[in-house]
Amino acid sequence: MPTKSTPDTRFVHAHQLDPESQAVVPPVYRATTYHQADPWNPPPFDYSRSGNPTRNALESALALIEGGVRGFAFASGMAAITASFLLLETGDHVIVSEDCQGGTQRLLRGVFSRFGISASYANTDSVEHLERVRRPNTKAILVENFSNPFLHVADIPRIVRWAHKYDIDVWVDNTFITPYLQNPLNLGADLVLHSGTKMIGGHSDVTAGLAVARESGLAERLYFIQNAAGAILSPDDAYTVHRGLRTLPVRMRHASATALELAQTLQDHPAVTTVYYPGLQDHPGHEVALRTIETERGFGQMVTFRLKSPDLVTKMASRLRWARIGAGLGGTETIVSLPELHCHAALTSDERRIREITGDVVRVSLGLEDPTDIIADFSQALRL
Ligand code: PLP
């Protein structure tokens, strides 16, 4: 690819043409094993868990887009997060965004705590909060950006400056922002993670996880874990995710524009008490977003809001005609999730109460429908 390219072009052309066939999209290599005519001088691929050309095309494209040295594709977003925690040792401590998806908390509480890895949760809006929970054995901080479900915006450059002073690695789960709106490695983070199931896959038809490391030392350790633990993405799924990656900019622009319109409409709605959308000027993270993400491309496709009562949520759910209801986000269709029942069901009811994830909270992932239809759908579903 020519060295200077605009973002849309970079997403389309981030992979090499297939060297054998010159195919314009990466062929799907299902082979698990590769003939070694000279076993003492083996070819680049030998066994599919260790490396696969279709997965490799996706991993290399994402590394190029994110500005890192090496990409990794896993069987799910949770597999990518698990591989990151496997970088830690017994006795290590991690700090995690308190407003993060339930799966990460379930993994730390139910699995990694059994291996002597402890976690503290903190509001990643400010480094003062992080300083309060830092311990001498803190080795990494996992920042979810934007956070889920309340869309807090983390100041990645500031967090990096604070963390690196103490040799703490910064890992950013950038699923909600996507590599189109921000590349945290260019802001100094050490590792960027994505649930490829969401915006990057983009069509609600593939489960995947992705990671890119900024430096080769971390990349080598992560590769060891990917190969040793083996939670790799299949060639067919790697193909599907890669297809999604190529159209991400166009989808993000459309869905982000609709998200802003919906957020502005909801702000004035009598059934709504609070709208959480970083594109709104009164959102606490608006200034940080302007400084740290490519906001001229949009503020993302997620909007969260609070209704006057849980009863209104029930009514809204029964009236929506276009929007789908369930766990998930980042697809072509608008998806409404009720955090209490869906993305944060893995939390205990006490944890949900402390984090104010109650029955009146609604999270929307805007899709690719005509914005007029979607705004009209919410307007009719929320009528009092
Ligand atoms: N990270 C974020 C921000 C998520 O929202 C999710 C899932 O909801 C995950 C990671 C986990 O991804 P997956 O469902 O692909 O395992």
# chains A, B, ... in the order shown; residues from 1 in each chain; ligands from 1

call {"tool": "residues_around", "arguments": {"residues": "stretch 85-94 of chain A", "least_positions_apart": "5", "cutoff": "7 Å", "atoms": "only C-alpha atoms", "output": "count of residues only"}}
result
11

call {"tool": "residues_near_ligand", "arguments": {"ligand": "ligand 1", "cutoff": "10 Å", "atoms": "only C-alpha atoms and all ligand atoms", "output": "ChimeraX atom specification"}}
result
/A:74-82,100-104,143-149,172-177,193-198,201,206-210,327-330,342-344

call {"tool": "select_by_dssp", "arguments": {"residues": "stretch 53-266 of chain A", "states": "alpha helix (DSSP H)", "output": "number ranges by chain"}}
result
A: 53-66, 77-85, 102-110, 127-133, 156-165, 178-181, 216-229, 235-266

call {"tool": "closest_residue", "arguments": {"among": "A:Asp190, A:Ile232, A:Gln226, A:Tyr180", "to": "A:Thr295", "atoms": "only C-alpha atoms"}}
result
A:Tyr180

call {"tool": "residues_around", "arguments": {"residues": "stretch 322-326 of chain A", "least_positions_apart": "5", "cutoff": "9 Å", "atoms": "only C-alpha atoms", "output": "mmCIF file with C-alpha atoms, in the first residue's frame"}}
result
data_model
loop_
_atom_site.group_PDB
_atom_site.id
_atom_site.type_symbol
_atom_site.label_atom_id
_atom_site.label_comp_id
_atom_site.auth_asym_id
_atom_site.auth_seq_id
_atom_site.Cartn_x
_atom_site.Cartn_y
_atom_site.Cartn_z
ATOM 1 C CA ALA A 317 -39.828 -2.524 23.923
ATOM 2 C CA GLU A 333 -29.677 -3.376 12.342
ATOM 3 C CA THR A 334 -30.376 -1.043 15.251
ATOM 4 C CA ILE A 335 -30.180 -3.083 18.460
ATOM 5 C CA VAL A 336 -31.706 -2.075 21.776
ATOM 6 C CA SER A 337 -30.158 -3.684 24.854
ATOM 7 C CA LEU A 338 -31.402 -3.481 28.401
ATOM 8 C CA LEU A 341 -30.925 -8.106 31.393
ATOM 9 C CA HIS A 342 -28.297 -8.234 28.663
ATOM 10 C CA VAL A 364 -28.914 1.513 21.675
ATOM 11 C CA LEU A 366 -27.534 2.385 15.825
ATOM 12 C CA GLY A 367 -27.600 0.456 12.562
ATOM 13 C CA GLU A 369 -31.330 2.031 8.477
ATOM 14 C CA ASP A 373 -37.175 5.648 10.148
ATOM 15 C CA ILE A 374 -35.203 5.022 13.319
ATOM 16 C CA ASP A 377 -39.543 4.438 15.540
ATOM 17 C CA PHE A 378 -38.218 5.671 18.903
#

call {"tool": "closest_residue", "arguments": {"among": "A:Glu59, A:Glu131, A:Glu287, A:Asp169", "to": "A:Leu218", "atoms": "only C-alpha atoms"}}
result
A:Asp169

call {"tool": "closest_atom_pairs", "arguments": {"of": "stretch 296-370 of chain A", "to": "stretch 270-279 of chain A", "cutoff": "10 Å", "atoms": "only C-alpha atoms", "output": "CSV"}}
result
residue,atom,partner,partner_atom,distance
A:Gly298,CA,A:Gly279,CA,7.8
A:Phe299,CA,A:Gly279,CA,5.3
A:Gly300,CA,A:Gly279,CA,8.2
A:Gln301,CA,A:Tyr277,CA,9.3
A:Met302,CA,A:Tyr277,CA,7.4
A:Val303,CA,A:Tyr277,CA,5.4
A:Thr304,CA,A:Tyr276,CA,5.1
A:Phe305,CA,A:Val275,CA,4.3
A:Arg306,CA,A:Thr274,CA,5.2
A:Leu307,CA,A:Val272,CA,4.4
A:Lys308,CA,A:Ala271,CA,5.7
A:Ser309,CA,A:Ala271,CA,8.4
A:Leu312,CA,A:Ala271,CA,7.6
A:Val313,CA,A:Ala271,CA,9.8
A:Asp360,CA,A:Val272,CA,9.5
A:Val361,CA,A:Thr274,CA,9.3
A:Val362,CA,A:Val275,CA,9.7
A:Arg363,CA,A:Tyr276,CA,9.3

call {"tool": "write_last_selection", "arguments": {"atoms": "N, CA and C atoms", "output": "PDB file, in the first residue's frame"}}
result
ATOM      1  N   GLY A 298     -17.230  11.296  13.557  1.00  0.00           N
ATOM      2  CA  GLY A 298     -18.394  10.895  14.352  1.00  0.00           C
ATOM      3  C   GLY A 298     -18.004  10.610  15.788  1.00  0.00           C
ATOM      4  N   PHE A 299     -19.025  10.427  16.624  1.00  0.00           N
ATOM      5  CA  PHE A 299     -18.798  10.146  18.048  1.00  0.00           C
ATOM      6  C   PHE A 299     -19.228   8.712  18.385  1.00  0.00           C
ATOM      7  N   GLY A 300     -19.350   7.872  17.380  1.00  0.00           N
ATOM      8  CA  GLY A 300     -19.690   6.482  17.649  1.00  0.00           C
ATOM      9  C   GLY A 300     -21.169   6.204  17.503  1.00  0.00           C
ATOM     10  N   GLN A 301     -21.486   4.910  17.449  1.00  0.00           N
ATOM     11  CA  GLN A 301     -22.848   4.512  17.123  1.00  0.00           C
ATOM     12  C   GLN A 301     -23.680   4.087  18.336  1.00  0.00           C
ATOM     13  N   MET A 302     -23.115   4.283  19.553  1.00  0.00           N
ATOM     14  CA  MET A 302     -23.841   3.860  20.754  1.00  0.00           C
ATOM     15  C   MET A 302     -24.464   5.059  21.463  1.00  0.00           C
ATOM     16  N   VAL A 303     -25.693   4.899  21.875  1.00  0.00           N
ATOM     17  CA  VAL A 303     -26.378   5.924  22.678  1.00  0.00           C
ATOM     18  C   VAL A 303     -27.023   5.211  23.864  1.00  0.00           C
ATOM     19  N   THR A 304     -26.811   5.746  25.058  1.00  0.00           N
ATOM     20  CA  THR A 304     -27.483   5.183  26.240  1.00  0.00           C
ATOM     21  C   THR A 304     -28.398   6.250  26.807  1.00  0.00           C
ATOM     22  N   PHE A 305     -29.541   5.834  27.320  1.00  0.00           N
ATOM     23  CA  PHE A 305     -30.427   6.818  27.961  1.00  0.00           C
ATOM     24  C   PHE A 305     -31.201   6.169  29.102  1.00  0.00           C
ATOM     25  N   ARG A 306     -31.735   7.052  29.939  1.00  0.00           N
ATOM     26  CA  ARG A 306     -32.494   6.610  31.096  1.00  0.00           C
ATOM     27  C   ARG A 306     -33.919   7.119  30.936  1.00  0.00           C
ATOM     28  N   LEU A 307     -34.894   6.228  31.127  1.00  0.00           N
ATOM     29  CA  LEU A 307     -36.294   6.665  31.025  1.00  0.00           C
ATOM     30  C   LEU A 307     -36.833   6.989  32.424  1.00  0.00           C
ATOM     31  N   LYS A 308     -37.976   7.648  32.460  1.00  0.00           N
ATOM     32  CA  LYS A 308     -38.526   8.086  33.763  1.00  0.00           C
ATOM     33  C   LYS A 308     -38.869   6.896  34.652  1.00  0.00           C
ATOM     34  N   SER A 309     -39.191   5.741  34.052  1.00  0.00           N
ATOM     35  CA  SER A 309     -39.488   4.563  34.886  1.00  0.00           C
ATOM     36  C   SER A 309     -39.247   3.297  34.075  1.00  0.00           C
ATOM     37  N   LEU A 312     -41.832   2.395  31.424  1.00  0.00           N
ATOM     38  CA  LEU A 312     -41.714   3.004  30.093  1.00  0.00           C
ATOM     39  C   LEU A 312     -40.798   2.170  29.193  1.00  0.00           C
ATOM     40  N   VAL A 313     -39.811   1.505  29.811  1.00  0.00           N
ATOM     41  CA  VAL A 313     -38.909   0.640  29.030  1.00  0.00           C
ATOM     42  C   VAL A 313     -39.716  -0.535  28.468  1.00  0.00           C
ATOM     43  N   ASP A 360     -34.318   1.176  34.313  1.00  0.00           N
ATOM     44  CA  ASP A 360     -34.713   2.323  33.473  1.00  0.00           C
ATOM     45  C   ASP A 360     -33.652   2.674  32.423  1.00  0.00           C
ATOM     46  N   VAL A 361     -32.551   1.889  32.385  1.00  0.00           N
ATOM     47  CA  VAL A 361     -31.446   2.213  31.462  1.00  0.00           C
ATOM     48  C   VAL A 361     -31.616   1.440  30.150  1.00  0.00           C
ATOM     49  N   VAL A 362     -31.434   2.153  29.054  1.00  0.00           N
ATOM     50  CA  VAL A 362     -31.560   1.560  27.714  1.00  0.00           C
ATOM     51  C   VAL A 362     -30.297   1.905  26.934  1.00  0.00           C
ATOM     52  N   ARG A 363     -29.736   0.907  26.251  1.00  0.00           N
ATOM     53  CA  ARG A 363     -28.545   1.167  25.419  1.00  0.00           C
ATOM     54  C   ARG A 363     -28.893   0.843  23.976  1.00  0.00           C
TER      55      ARG A 363
END

call {"tool": "residues_around", "arguments": {"residues": "A:Val24", "least_positions_apart": "4", "cutoff": "12 Å", "atoms": "only C-alpha atoms", "output": "mmCIF file with N, CA, C and O atoms, in the first residue's frame"}}
result
data_model
loop_
_atom_site.group_PDB
_atom_site.id
_atom_site.type_symbol
_atom_site.label_atom_id
_atom_site.label_comp_id
_atom_site.auth_asym_id
_atom_site.auth_seq_id
_atom_site.Cartn_x
_atom_site.Cartn_y
_atom_site.Cartn_z
ATOM 1 N N VAL A 12 -9.602 -0.236 3.134
ATOM 2 C CA VAL A 12 -9.878 -1.096 1.966
ATOM 3 C C VAL A 12 -8.617 -1.829 1.516
ATOM 4 O O VAL A 12 -8.660 -3.002 1.131
ATOM 5 N N HIS A 13 -7.480 -1.148 1.615
ATOM 6 C CA HIS A 13 -6.258 -1.706 1.018
ATOM 7 C C HIS A 13 -5.213 -2.140 2.040
ATOM 8 O O HIS A 13 -4.033 -2.262 1.701
ATOM 9 N N ALA A 14 -5.632 -2.367 3.279
ATOM 10 C CA ALA A 14 -4.636 -2.692 4.319
ATOM 11 C C ALA A 14 -4.046 -4.098 4.138
ATOM 12 O O ALA A 14 -3.043 -4.416 4.753
ATOM 13 N N HIS A 15 -4.667 -4.938 3.320
ATOM 14 C CA HIS A 15 -4.106 -6.283 3.113
ATOM 15 C C HIS A 15 -3.364 -6.337 1.770
ATOM 16 O O HIS A 15 -3.631 -5.550 0.863
ATOM 17 N N GLN A 16 -2.443 -7.293 1.676
ATOM 18 C CA GLN A 16 -1.698 -7.499 0.425
ATOM 19 C C GLN A 16 -2.573 -8.292 -0.551
ATOM 20 O O GLN A 16 -3.409 -9.076 -0.123
ATOM 21 N N LEU A 17 -2.337 -8.120 -1.828
ATOM 22 C CA LEU A 17 -2.965 -9.029 -2.800
ATOM 23 C C LEU A 17 -2.424 -10.424 -2.533
ATOM 24 O O LEU A 17 -1.266 -10.580 -2.125
ATOM 25 N N ASP A 18 -3.256 -11.443 -2.756
ATOM 26 C CA ASP A 18 -2.775 -12.808 -2.541
ATOM 27 C C ASP A 18 -1.613 -13.083 -3.495
ATOM 28 O O ASP A 18 -1.764 -12.944 -4.717
ATOM 29 N N PRO A 19 -0.426 -13.436 -2.973
ATOM 30 C CA PRO A 19 0.753 -13.564 -3.839
ATOM 31 C C PRO A 19 0.617 -14.651 -4.902
ATOM 32 O O PRO A 19 1.125 -14.513 -6.012
ATOM 33 N N GLU A 20 -0.135 -15.727 -4.596
ATOM 34 C CA GLU A 20 -0.281 -16.830 -5.569
ATOM 35 C C GLU A 20 -1.199 -16.449 -6.714
ATOM 36 O O GLU A 20 -0.894 -16.624 -7.879
ATOM 37 N N ALA A 57 -3.786 -12.461 7.224
ATOM 38 C CA ALA A 57 -4.154 -11.279 6.416
ATOM 39 C C ALA A 57 -4.951 -10.299 7.270
ATOM 40 O O ALA A 57 -4.714 -9.088 7.240
ATOM 41 N N ARG A 243 -13.754 -8.895 5.964
ATOM 42 C CA ARG A 243 -14.698 -8.229 5.056
ATOM 43 C C ARG A 243 -15.366 -7.049 5.779
ATOM 44 O O ARG A 243 -15.534 -5.967 5.211
#

call {"tool": "select_by_dssp", "arguments": {"residues": "stretch 64-276 of chain A", "states": "strand (DSSP E or B)", "output": "NGL selection string"}}
result
:A and (70-74 or 93-97 or 118-122 or 138-144 or 169-173 or 191-195 or 209-213 or 232 or 272-276)

call {"tool": "closest_residue", "arguments": {"among": "A:Thr258, A:Ser48, A:Thr54, A:Thr32", "to": "A:Val241", "atoms": "only C-alpha atoms"}}
result
A:Thr54

call {"tool": "closest_residue", "arguments": {"among": "A:Ala61, A:Leu130, A:Val69, A:Val111", "to": "A:Glu220", "atoms": "only C-alpha atoms"}}
result
A:Val69

call {"tool": "closest_residue", "arguments": {"among": "A:Leu187, A:Ala83, A:Leu368, A:Leu290", "to": "A:Glu66", "atoms": "only C-alpha atoms"}}
result
A:Leu187

call {"tool": "residues_around", "arguments": {"residues": "stretch 121-129 of chain A", "least_positions_apart": "2", "cutoff": "10 Å", "atoms": "only C-alpha atoms", "output": "ChimeraX atom specification"}}
result
/A:94-100,105,119,131-134,141-145,147,152-156,158-163,284-285,288

call {"tool": "write_last_selection", "arguments": {"atoms": "C-alpha atoms", "output": "short mmCIF file (atom, residue, chain, number, x, y, z; two decimals), in the first residue's frame"}}
result
data_model
loop_
_atom_site.label_atom_id
_atom_site.label_comp_id
_atom_site.auth_asym_id
_atom_site.auth_seq_id
_atom_site.Cartn_x
_atom_site.Cartn_y
_atom_site.Cartn_z
CA VAL A 94 -4.94 -5.08 37.44
CA ILE A 95 -7.09 -1.97 37.36
CA VAL A 96 -10.21 -2.14 35.18
CA SER A 97 -12.73 0.53 34.15
CA GLU A 98 -15.55 0.21 36.69
CA ASP A 99 -18.13 0.88 33.98
CA CYS A 100 -17.08 -2.08 31.87
CA GLN A 105 -15.73 -8.73 35.49
CA ALA A 119 -8.48 -6.62 40.26
CA GLU A 131 -4.03 6.59 41.80
CA ARG A 132 -6.36 5.70 44.66
CA VAL A 133 -6.54 2.01 43.67
CA ARG A 134 -2.97 1.59 42.40
CA ILE A 141 -4.83 -1.20 33.45
CA LEU A 142 -7.65 -2.27 31.16
CA VAL A 143 -9.60 0.75 29.98
CA GLU A 144 -12.89 0.27 28.18
CA ASN A 145 -13.37 3.17 25.80
CA SER A 147 -17.26 2.54 28.65
CA HIS A 152 -17.49 7.51 29.67
CA VAL A 153 -14.60 8.82 27.58
CA ALA A 154 -11.12 7.92 28.84
CA ASP A 155 -8.29 10.38 28.36
CA ILE A 156 -5.86 7.83 26.93
CA ARG A 158 -3.19 11.18 30.28
CA ILE A 159 -3.72 7.63 31.50
CA VAL A 160 -0.65 6.50 29.54
CA ARG A 161 1.52 9.24 31.10
CA TRP A 162 0.33 8.24 34.58
CA ALA A 163 0.63 4.46 34.07
CA PRO A 284 -18.81 15.08 30.70
CA GLY A 285 -16.43 13.42 28.23
CA VAL A 288 -11.81 14.66 25.99
#

call {"tool": "closest_residue", "arguments": {"among": "A:Ala238, A:Ala263, A:Ala255, A:Ala189", "to": "A:Asp205", "atoms": "only C-alpha atoms"}}
result
A:Ala238

call {"tool": "atom_distance", "arguments": {"atom1": "atom CA of A:Arg214", "atom2": "atom CA of A:Gly68"}}
result
4.3 Å
